[in-house]
file my_file_8.cif (mmCIF, C-alpha atoms)
data_final
loop_
_atom_site.group_PDB
_atom_site.id
_atom_site.type_symbol
_atom_site.label_atom_id
_atom_site.label_comp_id
_atom_site.auth_asym_id
_atom_site.auth_seq_id
_atom_site.Cartn_x
_atom_site.Cartn_y
_atom_site.Cartn_z
ATOM 1 C CA MET A 1 -17.513 -9.123 12.199
ATOM 2 C CA SER A 2 -16.083 -9.073 8.693
ATOM 3 C CA THR A 3 -13.274 -7.418 6.817
ATOM 4 C CA LEU A 4 -13.824 -3.700 6.360
ATOM 5 C CA PHE A 5 -13.580 -2.525 2.747
ATOM 6 C CA PHE A 6 -13.014 1.151 2.100
ATOM 7 C CA THR A 7 -12.921 2.940 -1.225
ATOM 8 C CA ASP A 8 -14.154 6.234 -2.647
ATOM 9 C CA PRO A 9 -15.651 7.143 -6.031
ATOM 10 C CA ALA A 10 -13.300 10.120 -6.265
ATOM 11 C CA CYS A 11 -10.436 7.656 -6.818
ATOM 12 C CA LEU A 12 -11.931 7.032 -10.273
ATOM 13 C CA ASP A 13 -11.497 10.724 -11.126
ATOM 14 C CA HIS A 14 -7.698 10.605 -11.086
ATOM 15 C CA VAL A 15 -7.271 10.305 -14.858
ATOM 16 C CA THR A 16 -3.966 9.570 -16.557
ATOM 17 C CA PRO A 17 -3.164 9.775 -20.281
ATOM 18 C CA GLU A 18 -4.190 7.023 -22.684
ATOM 19 C CA GLY A 19 -1.821 4.077 -22.395
ATOM 20 C CA HIS A 20 -0.564 4.963 -18.921
ATOM 21 C CA PRO A 21 -0.290 1.825 -16.738
ATOM 22 C CA GLU A 22 -1.766 3.442 -13.601
ATOM 23 C CA ARG A 23 -5.220 3.933 -15.044
ATOM 24 C CA VAL A 24 -8.807 4.165 -13.865
ATOM 25 C CA ASP A 25 -9.533 0.639 -15.096
ATOM 26 C CA ARG A 26 -7.294 -0.766 -12.359
ATOM 27 C CA LEU A 27 -9.799 0.213 -9.687
ATOM 28 C CA ARG A 28 -12.812 -0.599 -11.846
ATOM 29 C CA THR A 29 -11.460 -4.115 -12.406
ATOM 30 C CA ILE A 30 -11.030 -4.684 -8.670
ATOM 31 C CA LEU A 31 -14.513 -3.384 -7.879
ATOM 32 C CA SER A 32 -15.972 -5.629 -10.562
ATOM 33 C CA ALA A 33 -14.173 -8.673 -9.134
ATOM 34 C CA LEU A 34 -15.593 -7.875 -5.702
ATOM 35 C CA ASP A 35 -19.148 -8.032 -7.082
ATOM 36 C CA ASP A 36 -18.829 -11.818 -6.834
ATOM 37 C CA PRO A 37 -21.187 -13.194 -4.141
ATOM 38 C CA VAL A 38 -18.188 -14.595 -2.238
ATOM 39 C CA PHE A 39 -17.517 -11.005 -1.179
ATOM 40 C CA ASP A 40 -21.056 -10.213 -0.022
ATOM 41 C CA ALA A 41 -19.920 -10.292 3.613
ATOM 42 C CA LEU A 42 -17.459 -7.435 3.144
ATOM 43 C CA ASP A 43 -18.335 -4.475 5.350
ATOM 44 C CA ARG A 44 -18.215 -1.814 2.618
ATOM 45 C CA ARG A 45 -17.712 1.754 3.716
ATOM 46 C CA GLN A 46 -16.891 5.204 2.396
ATOM 47 C CA ALA A 47 -14.944 7.552 4.636
ATOM 48 C CA ALA A 48 -14.689 11.308 4.707
ATOM 49 C CA PRO A 49 -11.795 12.943 2.839
ATOM 50 C CA ALA A 50 -8.602 13.219 4.841
ATOM 51 C CA ALA A 51 -7.865 16.599 6.364
ATOM 52 C CA VAL A 52 -4.906 18.387 4.798
ATOM 53 C CA ALA A 53 -3.324 18.256 8.249
ATOM 54 C CA GLU A 54 -2.976 14.484 7.825
ATOM 55 C CA LEU A 55 -0.639 15.052 4.869
ATOM 56 C CA LEU A 56 1.570 17.141 7.148
ATOM 57 C CA ARG A 57 2.385 14.074 9.239
ATOM 58 C CA CYS A 58 4.882 13.213 6.485
ATOM 59 C CA HIS A 59 5.053 16.085 3.989
ATOM 60 C CA PRO A 60 5.893 19.795 4.422
ATOM 61 C CA GLN A 61 3.197 22.390 3.751
ATOM 62 C CA SER A 62 5.236 23.746 0.842
ATOM 63 C CA TYR A 63 5.058 20.402 -0.929
ATOM 64 C CA VAL A 64 1.336 20.005 -0.284
ATOM 65 C CA ASP A 65 0.795 23.490 -1.712
ATOM 66 C CA GLN A 66 2.944 22.630 -4.748
ATOM 67 C CA ILE A 67 0.849 19.576 -5.584
ATOM 68 C CA ARG A 68 -2.435 21.395 -5.069
ATOM 69 C CA ALA A 69 -1.337 24.295 -7.254
ATOM 70 C CA ALA A 70 -0.312 21.937 -10.050
ATOM 71 C CA VAL A 71 -3.786 20.412 -10.416
ATOM 72 C CA PRO A 72 -5.198 21.543 -13.786
ATOM 73 C CA VAL A 73 -8.727 22.741 -14.469
ATOM 74 C CA LEU A 74 -8.849 20.533 -17.573
ATOM 75 C CA GLY A 75 -6.705 17.780 -19.017
ATOM 76 C CA GLN A 76 -3.597 16.362 -17.406
ATOM 77 C CA VAL A 77 -0.303 17.775 -16.159
ATOM 78 C CA GLN A 78 2.931 15.786 -16.045
ATOM 79 C CA LEU A 79 4.851 16.076 -12.765
ATOM 80 C CA ASP A 80 7.741 13.796 -13.714
ATOM 81 C CA ALA A 81 8.515 11.098 -16.270
ATOM 82 C CA ASP A 82 5.858 8.772 -14.821
ATOM 83 C CA THR A 83 3.504 10.836 -12.671
ATOM 84 C CA TRP A 84 0.504 12.749 -14.000
ATOM 85 C CA ILE A 85 -2.367 14.605 -12.377
ATOM 86 C CA SER A 86 -5.760 15.630 -13.682
ATOM 87 C CA SER A 87 -8.526 17.908 -12.457
ATOM 88 C CA GLY A 88 -9.799 15.142 -10.165
ATOM 89 C CA SER A 89 -6.454 14.148 -8.703
ATOM 90 C CA TRP A 90 -6.531 16.347 -5.595
ATOM 91 C CA ASP A 91 -9.883 14.966 -4.469
ATOM 92 C CA ALA A 92 -8.780 11.440 -5.394
ATOM 93 C CA ALA A 93 -5.667 11.800 -3.252
ATOM 94 C CA LEU A 94 -7.469 13.249 -0.221
ATOM 95 C CA ASN A 95 -10.472 10.927 -0.458
ATOM 96 C CA GLY A 96 -8.261 7.896 -1.027
ATOM 97 C CA LEU A 97 -6.135 8.789 1.976
ATOM 98 C CA GLY A 98 -9.360 9.378 3.902
ATOM 99 C CA ALA A 99 -10.469 5.853 3.006
ATOM 100 C CA LEU A 100 -7.201 4.388 4.289
ATOM 101 C CA LEU A 101 -7.291 6.437 7.497
ATOM 102 C CA GLY A 102 -10.949 5.543 7.959
ATOM 103 C CA ALA A 103 -9.961 1.883 7.683
ATOM 104 C CA LEU A 104 -7.198 2.424 10.229
ATOM 105 C CA ASP A 105 -9.472 4.217 12.695
ATOM 106 C CA ALA A 106 -12.196 1.581 12.362
ATOM 107 C CA VAL A 107 -9.770 -1.268 13.006
ATOM 108 C CA MET A 108 -8.235 0.571 15.942
ATOM 109 C CA SER A 109 -11.686 1.130 17.445
ATOM 110 C CA GLY A 110 -12.463 -2.591 17.185
ATOM 111 C CA GLU A 111 -15.088 -2.346 14.432
ATOM 112 C CA GLY A 112 -13.175 -5.003 12.498
ATOM 113 C CA ARG A 113 -9.992 -7.043 12.844
ATOM 114 C CA ASN A 114 -8.694 -6.091 9.424
ATOM 115 C CA ALA A 115 -9.416 -3.839 6.465
ATOM 116 C CA PHE A 116 -8.535 -3.214 2.838
ATOM 117 C CA ALA A 117 -8.506 0.202 1.150
ATOM 118 C CA ALA A 118 -8.933 0.102 -2.636
ATOM 119 C CA ILE A 119 -7.530 3.506 -3.496
ATOM 120 C CA ARG A 120 -5.584 5.374 -6.134
ATOM 121 C CA PRO A 121 -3.322 7.168 -6.790
ATOM 122 C CA PRO A 122 -0.936 4.827 -4.985
ATOM 123 C CA GLY A 123 1.537 6.184 -2.459
ATOM 124 C CA HIS A 124 4.667 4.201 -1.674
ATOM 125 C CA HIS A 125 6.989 6.067 -4.077
ATOM 126 C CA ALA A 126 6.119 9.600 -2.897
ATOM 127 C CA GLU A 127 9.043 11.004 -0.935
ATOM 128 C CA THR A 128 9.016 13.840 1.588
ATOM 129 C CA ALA A 129 8.823 16.583 -1.042
ATOM 130 C CA LYS A 130 8.837 14.702 -4.345
ATOM 131 C CA PRO A 131 6.117 12.960 -6.351
ATOM 132 C CA MET A 132 7.363 9.773 -8.004
ATOM 133 C CA GLY A 133 6.211 6.619 -9.727
ATOM 134 C CA PHE A 134 2.504 7.498 -10.075
ATOM 135 C CA CYS A 135 2.401 8.585 -6.383
ATOM 136 C CA LEU A 136 1.600 11.990 -4.872
ATOM 137 C CA PHE A 137 1.503 11.403 -1.108
ATOM 138 C CA GLY A 138 2.820 8.628 1.143
ATOM 139 C CA ASN A 139 -0.506 7.066 2.090
ATOM 140 C CA VAL A 140 0.710 4.119 4.145
ATOM 141 C CA ALA A 141 3.488 6.098 5.841
ATOM 142 C CA ILE A 142 0.907 8.724 6.838
ATOM 143 C CA ALA A 143 -1.294 5.949 8.234
ATOM 144 C CA ALA A 144 1.666 4.628 10.223
ATOM 145 C CA LYS A 145 2.307 8.079 11.704
ATOM 146 C CA ARG A 146 -1.370 8.430 12.600
ATOM 147 C CA ALA A 147 -1.359 5.025 14.275
ATOM 148 C CA LEU A 148 1.660 6.035 16.343
ATOM 149 C CA ASP A 149 0.792 9.623 17.198
ATOM 150 C CA HIS A 150 -3.017 9.674 17.218
ATOM 151 C CA HIS A 151 -3.763 6.152 18.412
ATOM 152 C CA GLY A 152 -0.744 5.977 20.717
ATOM 153 C CA LEU A 153 0.793 2.746 19.473
ATOM 154 C CA ALA A 154 4.411 2.028 20.296
ATOM 155 C CA ARG A 155 5.306 -0.276 17.374
ATOM 156 C CA VAL A 156 3.871 -0.416 13.850
ATOM 157 C CA ALA A 157 5.141 -2.615 11.029
ATOM 158 C CA VAL A 158 4.733 -1.586 7.387
ATOM 159 C CA LEU A 159 5.115 -4.508 4.980
ATOM 160 C CA ASP A 160 5.454 -3.830 1.247
ATOM 161 C CA PHE A 161 5.453 -6.671 -1.304
ATOM 162 C CA ASP A 162 5.014 -4.497 -4.396
ATOM 163 C CA VAL A 163 7.524 -5.425 -7.113
ATOM 164 C CA HIS A 164 9.064 -1.931 -6.940
ATOM 165 C CA HIS A 165 10.970 -0.730 -3.899
ATOM 166 C CA GLY A 166 8.900 1.427 -1.565
ATOM 167 C CA ASN A 167 11.415 4.253 -1.687
ATOM 168 C CA GLY A 168 8.894 6.847 -0.571
ATOM 169 C CA THR A 169 7.783 4.939 2.502
ATOM 170 C CA GLN A 170 11.436 4.274 3.317
ATOM 171 C CA ASP A 171 12.210 7.995 3.039
ATOM 172 C CA LEU A 172 9.232 8.996 5.185
ATOM 173 C CA LEU A 173 9.911 6.422 7.919
ATOM 174 C CA TRP A 174 13.735 6.374 7.788
ATOM 175 C CA THR A 175 14.143 8.097 11.183
ATOM 176 C CA GLU A 176 10.996 6.674 12.811
ATOM 177 C CA ASP A 177 12.222 4.144 15.368
ATOM 178 C CA ARG A 178 8.647 3.144 16.284
ATOM 179 C CA ALA A 179 8.053 1.813 12.764
ATOM 180 C CA LEU A 180 9.608 -1.219 11.092
ATOM 181 C CA PHE A 181 9.510 -0.932 7.291
ATOM 182 C CA VAL A 182 9.987 -4.040 5.155
ATOM 183 C CA SER A 183 10.118 -4.026 1.358
ATOM 184 C CA SER A 184 10.613 -6.996 -0.944
ATOM 185 C CA HIS A 185 11.136 -5.983 -4.562
ATOM 186 C CA GLN A 186 12.856 -6.827 -7.802
ATOM 187 C CA PHE A 187 16.410 -5.540 -7.944
ATOM 188 C CA PRO A 188 17.774 -4.147 -10.168
ATOM 189 C CA LEU A 189 14.651 -2.287 -11.238
ATOM 190 C CA TRP A 190 13.281 1.250 -11.089
ATOM 191 C CA PRO A 191 13.600 3.276 -8.828
ATOM 192 C CA GLY A 192 17.061 1.796 -8.189
ATOM 193 C CA THR A 193 16.884 1.948 -4.398
ATOM 194 C CA GLY A 194 16.263 -0.821 -1.900
ATOM 195 C CA ARG A 195 19.639 -2.453 -1.434
ATOM 196 C CA ALA A 196 19.988 -4.734 1.572
ATOM 197 C CA ASP A 197 22.430 -2.284 3.184
ATOM 198 C CA GLU A 198 19.755 0.444 3.371
ATOM 199 C CA THR A 199 18.676 -0.212 6.949
ATOM 200 C CA GLY A 200 17.238 3.034 8.322
ATOM 201 C CA ALA A 201 18.489 5.437 10.960
ATOM 202 C CA HIS A 202 17.669 2.956 13.739
ATOM 203 C CA GLY A 203 17.981 -0.363 11.932
ATOM 204 C CA ASN A 204 14.242 -0.044 11.313
ATOM 205 C CA VAL A 205 14.314 -0.748 7.554
ATOM 206 C CA ILE A 206 14.593 -4.221 6.018
ATOM 207 C CA ASN A 207 15.093 -4.410 2.268
ATOM 208 C CA LEU A 208 14.765 -7.727 0.497
ATOM 209 C CA PRO A 209 16.046 -7.312 -3.085
ATOM 210 C CA LEU A 210 15.021 -10.185 -5.367
ATOM 211 C CA PRO A 211 16.633 -10.923 -8.741
ATOM 212 C CA PRO A 212 14.537 -10.913 -11.917
ATOM 213 C CA GLY A 213 12.811 -14.249 -12.425
ATOM 214 C CA THR A 214 12.341 -14.955 -8.707
ATOM 215 C CA ASP A 215 9.423 -17.374 -8.398
ATOM 216 C CA GLY A 216 7.016 -18.209 -5.599
ATOM 217 C CA PRO A 217 9.140 -20.753 -3.722
ATOM 218 C CA ALA A 218 12.158 -18.421 -3.690
ATOM 219 C CA PHE A 219 9.980 -15.471 -2.650
ATOM 220 C CA ARG A 220 8.485 -17.465 0.221
ATOM 221 C CA ALA A 221 11.881 -18.699 1.384
ATOM 222 C CA ALA A 222 13.291 -15.172 1.406
ATOM 223 C CA TRP A 223 10.453 -13.860 3.587
ATOM 224 C CA ASP A 224 10.588 -16.899 5.872
ATOM 225 C CA GLU A 225 14.339 -16.695 6.411
ATOM 226 C CA GLN A 226 15.076 -12.975 6.330
ATOM 227 C CA VAL A 227 11.919 -11.113 7.307
ATOM 228 C CA PHE A 228 9.411 -12.927 9.479
ATOM 229 C CA PRO A 229 11.829 -13.607 12.369
ATOM 230 C CA ARG A 230 12.648 -9.876 12.499
ATOM 231 C CA ILE A 231 8.980 -8.952 12.557
ATOM 232 C CA ASP A 232 8.349 -11.456 15.332
ATOM 233 C CA SER A 233 11.149 -9.858 17.365
ATOM 234 C CA PHE A 234 9.709 -6.393 16.732
ATOM 235 C CA ALA A 235 6.247 -7.534 17.917
ATOM 236 C CA PRO A 236 4.161 -4.906 16.105
ATOM 237 C CA GLU A 237 0.887 -3.727 17.594
ATOM 238 C CA LEU A 238 -0.486 -3.113 14.088
ATOM 239 C CA ILE A 239 0.536 -4.258 10.624
ATOM 240 C CA LEU A 240 0.040 -1.979 7.638
ATOM 241 C CA VAL A 241 0.423 -3.492 4.178
ATOM 242 C CA SER A 242 1.429 -1.836 0.925
ATOM 243 C CA ALA A 243 -0.339 -4.371 -1.265
ATOM 244 C CA GLY A 244 1.132 -4.152 -4.733
ATOM 245 C CA PHE A 245 0.351 -7.070 -7.027
ATOM 246 C CA ASP A 246 2.839 -6.289 -9.807
ATOM 247 C CA ALA A 247 5.189 -9.091 -8.718
ATOM 248 C CA HIS A 248 2.759 -11.403 -10.551
ATOM 249 C CA ARG A 249 4.394 -13.206 -13.471
ATOM 250 C CA ASP A 250 2.005 -11.568 -15.978
ATOM 251 C CA ASP A 251 2.663 -7.977 -14.930
ATOM 252 C CA PRO A 252 4.119 -5.881 -17.772
ATOM 253 C CA LEU A 253 6.359 -3.612 -15.688
ATOM 254 C CA ALA A 254 8.684 -6.140 -14.023
ATOM 255 C CA GLN A 255 10.069 -9.653 -14.171
ATOM 256 C CA LEU A 256 9.227 -11.482 -10.947
ATOM 257 C CA ALA A 257 7.208 -14.682 -11.329
ATOM 258 C CA LEU A 258 4.698 -14.876 -8.489
ATOM 259 C CA GLU A 259 1.313 -16.539 -8.856
ATOM 260 C CA VAL A 260 -2.007 -15.717 -7.218
ATOM 261 C CA GLN A 261 -1.375 -18.380 -4.571
ATOM 262 C CA ASP A 262 1.789 -16.562 -3.472
ATOM 263 C CA PHE A 263 -0.251 -13.488 -2.563
ATOM 264 C CA ASP A 264 -2.631 -15.776 -0.684
ATOM 265 C CA TRP A 265 0.379 -17.235 1.162
ATOM 266 C CA ILE A 266 1.961 -13.940 2.204
ATOM 267 C CA THR A 267 -1.403 -12.584 3.337
ATOM 268 C CA ARG A 268 -1.856 -15.636 5.568
ATOM 269 C CA ARG A 269 1.614 -15.226 7.023
ATOM 270 C CA ILE A 270 0.996 -11.535 7.701
ATOM 271 C CA CYS A 271 -2.282 -12.416 9.450
ATOM 272 C CA ASP A 272 -0.429 -15.023 11.537
ATOM 273 C CA LEU A 273 1.953 -12.303 12.725
ATOM 274 C CA ALA A 274 -0.944 -9.979 13.468
ATOM 275 C CA ASP A 275 -2.693 -12.691 15.459
ATOM 276 C CA ARG A 276 0.425 -13.242 17.573
ATOM 277 C CA HIS A 277 1.284 -9.638 18.260
ATOM 278 C CA ALA A 278 -1.450 -7.202 17.202
ATOM 279 C CA GLY A 279 -4.814 -8.695 18.063
ATOM 280 C CA GLY A 280 -5.231 -9.554 14.391
ATOM 281 C CA ARG A 281 -5.046 -5.913 13.312
ATOM 282 C CA VAL A 282 -4.073 -5.619 9.634
ATOM 283 C CA VAL A 283 -4.829 -2.615 7.421
ATOM 284 C CA SER A 284 -3.920 -3.038 3.766
ATOM 285 C CA ALA A 285 -3.853 -0.485 0.945
ATOM 286 C CA LEU A 286 -3.621 -0.963 -2.805
ATOM 287 C CA GLU A 287 -0.350 -0.023 -4.474
ATOM 288 C CA GLY A 288 0.721 -1.429 -7.877
ATOM 289 C CA GLY A 289 -0.472 -4.107 -10.283
ATOM 290 C CA TYR A 290 -0.854 -3.369 -13.995
ATOM 291 C CA ASN A 291 -2.098 -6.533 -15.702
ATOM 292 C CA LEU A 292 -5.800 -6.171 -15.058
ATOM 293 C CA ASP A 293 -6.620 -9.878 -14.871
ATOM 294 C CA ALA A 294 -3.696 -10.625 -12.566
ATOM 295 C CA LEU A 295 -4.518 -7.569 -10.445
ATOM 296 C CA ALA A 296 -8.154 -8.586 -10.000
ATOM 297 C CA ALA A 297 -7.345 -12.206 -9.163
ATOM 298 C CA SER A 298 -4.503 -11.330 -6.776
ATOM 299 C CA THR A 299 -6.453 -8.625 -4.962
ATOM 300 C CA ALA A 300 -9.415 -10.982 -4.620
ATOM 301 C CA ALA A 301 -7.170 -13.681 -3.132
ATOM 302 C CA HIS A 302 -5.685 -11.155 -0.680
ATOM 303 C CA ILE A 303 -9.122 -9.985 0.453
ATOM 304 C CA LYS A 304 -10.478 -13.547 0.730
ATOM 305 C CA VAL A 305 -7.758 -14.367 3.243
ATOM 306 C CA LEU A 306 -8.490 -11.200 5.208
ATOM 307 C CA MET A 307 -12.158 -12.186 5.308
ATOM 308 C CA GLU A 308 -11.348 -15.705 6.518
ATOM 309 C CA ARG A 309 -9.179 -14.291 9.275
ATOM 310 C CA SER A 310 -11.613 -11.557 10.340
ATOM 311 C CA ALA A 311 -14.236 -13.937 11.676
#

call {"tool": "encode", "arguments": {"input": "my_file_8.cif", "output": "structure tokens"}}
result
Amino acid sequence: MSTLFFTDPACLDHVTPEGHPERVDRLRTILSALDDPVFDALDRRQAAPAAVAELLRCHPQSYVDQIRAAVPVLGQVQLDADTWISSGSWDAALNGLGALLGALDAVMSGEGRNAFAAIRPPGHHAETAKPMGFCLFGNVAIAAKRALDHHGLARVAVLDFDVHHGNGTQDLLWTEDRALFVSSHQFPLWPGTGRADETGAHGNVINLPLPPGTDGPAFRAAWDEQVFPRIDSFAPELILVSAGFDAHRDDPLAQLALEVQDFDWITRRICDLADRHAGGRVVSALEGGYNLDALAASTAAHIKVLMERSA
């Protein structure tokens, strides 16, 4: 049994303007890195597109219709200061979500202990009825709702180590007492949310704001002291990961100073939690990461740990 790896070619058809940081080459770079023989054991799969009904677990029909109607026949359309869509974006969004939900369903059925979904557009900034920060729909939040309502779990943890606050996931899970949402992120930084006093309707949100320049040892200490004990107390039956790699020191959009080994470390700690509480079940989805070399190396390190722990 090996780590399940889900992606979809449609995710390459979400095309942003020249110079935009969330670009097709992000996914191409990851796929190229995974051609290394060390990843031959990955169980590579392609899932069916998500049903539109899956979007409605977190978003109203009116918002789904708004996004679909905005998709152009040619070229790109700007939805906000940062977020663009192209003719392929609707299929990319549904097929990418389908890949993540396929990973979830496969892990829940025991086909693998853990999984990674290499998808775009990302999702953790999309709020209930608002696209933001390159994101259209709340992929990981939707997966959490499916795990709770379709698979019947009682407790799901969503852990987000992207350098930007997962404001969308926080919005979508704010009132969900069966989900614990944790976000570590640079603060201050766009989108400006994620203060420590934002704790959710049921105390189910943990925000870990980190000052610019935070390095690996400080990052590890913050998670060890402020987050992992809370997750242990929550005892999740599944851990979902918003795996953004833009906290790397070489990323152009922020000023944290993590190294590849720090992503290795947090992945190991997440797997330790999953082993204690969730039968090893971890499902991870790509979020940010905009220096292509750092993104490829960090994603590869993350997946290597998942593979080690899936045996």

call {"tool": "closest_residue", "arguments": {"input": "my_file_8.cif", "among": "A:Ile85, A:Val24, A:Glu308, A:Asn167", "to": "Ala70 of chain A", "atoms": "only C-alpha atoms"}}
result
A:Ile85

call {"tool": "closest_residue", "arguments": {"input": "my_file_8.cif", "among": "A:Asp35, A:Asp43, A:Asp82, A:Glu176", "to": "Pro191 of chain A", "atoms": "only C-alpha atoms"}}
result
A:Asp82

call {"tool": "resolve_selection", "arguments": {"input": "my_file_8.cif", "expression": "the PyMOL selection byres ((chain A and resi 8) around 7)", "output": "MDAnalysis selection string"}}
result
chainID A and resid 7 9:11 46 95:96 99

call {"tool": "residues_around", "arguments": {"input": "my_file_8.cif", "residues": "segment 91-94 of chain A", "least_positions_apart": "2", "cutoff": "6 Å", "atoms": "only C-alpha atoms", "output": "list in words"}}
result
Ala10, Cys11, His14, Pro49, Ala50, Gly88, Ser89, Gly96, Leu97 and Gly98 of chain A

call {"tool": "resolve_selection", "arguments": {"input": "my_file_8.cif", "expression": "the PyMOL selection byres ((chain A and resi 253) around 9)", "output": "JSON, numbers by chain"}}
result
{"A": [21, 163, 246, 247, 251, 252, 254, 255, 289, 290, 291]}

call {"tool": "resolve_selection", "arguments": {"input": "my_file_8.cif", "expression": "the PyMOL selection byres ((chain A and resi 26) around 12)", "output": "ChimeraX atom specification"}}
result
/A:11-12,14-16,20-25,27-33,118-122,244-246,286-297,299

call {"tool": "closest_residue", "arguments": {"input": "my_file_8.cif", "among": "A:Phe39, A:Phe263, A:Phe137, A:Phe6", "to": "Asp105 of chain A", "atoms": "only C-alpha atoms"}}
result
A:Phe6

call {"tool": "closest_residue", "arguments": {"input": "my_file_8.cif", "among": "A:Ile303, A:Leu258, A:Thr199, A:Asp215", "to": "Asp162 of chain A", "atoms": "only C-alpha atoms"}}
result
A:Leu258

call {"tool": "closest_residue", "arguments": {"input": "my_file_8.cif", "among": "A:Ala53, A:Gly123, A:Gly110, A:Thr128", "to": "Gly279 of chain A", "atoms": "only C-alpha atoms"}}
result
A:Gly110

call {"tool": "atom_distance", "arguments": {"input": "my_file_8.cif", "atom1": "atom CA of Ala311 of chain A", "atom2": "atom CA of Gly102 of chain A"}}
result
20.1 Å

call {"tool": "residues_around", "arguments": {"input": "my_file_8.cif", "residues": "Ser242 of chain A", "least_positions_apart": "3", "cutoff": "8 Å", "atoms": "only C-alpha atoms", "output": "MDAnalysis selection string"}}
result
chainID A and resid 124 140 158:162 284:287

call {"tool": "closest_residue", "arguments": {"input": "my_file_8.cif", "among": "A:Ala301, A:Leu180, A:Leu306, A:Leu55", "to": "Asp232 of chain A", "atoms": "all atoms listed in the file"}}
result
A:Leu180

call {"tool": "atom_distance", "arguments": {"input": "my_file_8.cif", "atom1": "atom CA of Gln76 of chain A", "atom2": "atom CA of Pro17 of chain A"}}
result
7.2 Å

call {"tool": "residues_around", "arguments": {"input": "my_file_8.cif", "residues": "Ala41 of chain A", "least_positions_apart": "4", "cutoff": "10 Å", "atoms": "all atoms listed in the file", "output": "PDB file with C-alpha atoms, in the coordinates of the input"}}
result
ATOM      1  CA  MET A   1     -17.513  -9.123  12.199  1.00  0.00           C
ATOM      2  CA  SER A   2     -16.083  -9.073   8.693  1.00  0.00           C
ATOM      3  CA  THR A   3     -13.274  -7.418   6.817  1.00  0.00           C
ATOM      4  CA  LEU A   4     -13.824  -3.700   6.360  1.00  0.00           C
ATOM      5  CA  PRO A  37     -21.187 -13.194  -4.141  1.00  0.00           C
ATOM      6  CA  MET A 307     -12.158 -12.186   5.308  1.00  0.00           C
TER       7      MET A 307
END

call {"tool": "atom_distance", "arguments": {"input": "my_file_8.cif", "atom1": "atom CA of Ala218 of chain A", "atom2": "atom CA of Ala117 of chain A"}}
result
28.2 Å

call {"tool": "residues_around", "arguments": {"input": "my_file_8.cif", "residues": "Gln186 of chain A", "least_positions_apart": "6", "cutoff": "6 Å", "atoms": "only C-alpha atoms", "output": "list in words"}}
result
Val163, Pro209, Leu210 and Pro211 of chain A

call {"tool": "residues_around", "arguments": {"input": "my_file_8.cif", "residues": "Gly280 of chain A", "least_positions_apart": "6", "cutoff": "9 Å", "atoms": "only C-alpha atoms", "output": "NGL selection string"}}
result
:A and (113-114 or 238-239 or 271-274 or 309-310)

call {"tool": "residues_near_point", "arguments": {"input": "my_file_8.cif", "point": "(-5.6, -2.5, 13.0)", "cutoff": "6 Å", "atoms": "all atoms listed in the file", "output": "number ranges by chain"}}
result
A: 104, 107-108, 114, 238, 281-283

call {"tool": "decode", "arguments": {"input": "my_file_8.cif", "residues": "segment 193-210 of chain A", "atoms": "C-alpha atoms", "output": "mmCIF file, in the first residue's frame"}}
result
data_model
loop_
_atom_site.group_PDB
_atom_site.id
_atom_site.type_symbol
_atom_site.label_atom_id
_atom_site.label_comp_id
_atom_site.auth_asym_id
_atom_site.auth_seq_id
_atom_site.Cartn_x
_atom_site.Cartn_y
_atom_site.Cartn_z
ATOM 1 C CA THR A 193 -7.134 38.117 8.799
ATOM 2 C CA GLY A 194 -5.942 35.358 11.093
ATOM 3 C CA ARG A 195 -5.401 37.060 14.423
ATOM 4 C CA ALA A 196 -5.050 34.775 17.426
ATOM 5 C CA ASP A 197 -8.369 36.046 18.817
ATOM 6 C CA GLU A 198 -10.291 34.679 15.805
ATOM 7 C CA THR A 199 -11.348 31.395 17.384
ATOM 8 C CA GLY A 200 -14.526 30.253 15.627
ATOM 9 C CA ALA A 201 -18.110 29.989 16.805
ATOM 10 C CA HIS A 202 -17.268 26.972 18.983
ATOM 11 C CA GLY A 203 -13.608 27.581 19.768
ATOM 12 C CA ASN A 204 -12.898 25.402 16.732
ATOM 13 C CA VAL A 205 -10.421 27.759 15.016
ATOM 14 C CA ILE A 206 -6.761 28.128 16.003
ATOM 15 C CA ASN A 207 -4.802 30.908 14.338
ATOM 16 C CA LEU A 208 -1.047 31.037 14.708
ATOM 17 C CA PRO A 209 0.179 34.410 13.378
ATOM 18 C CA LEU A 210 3.940 34.488 12.777
#
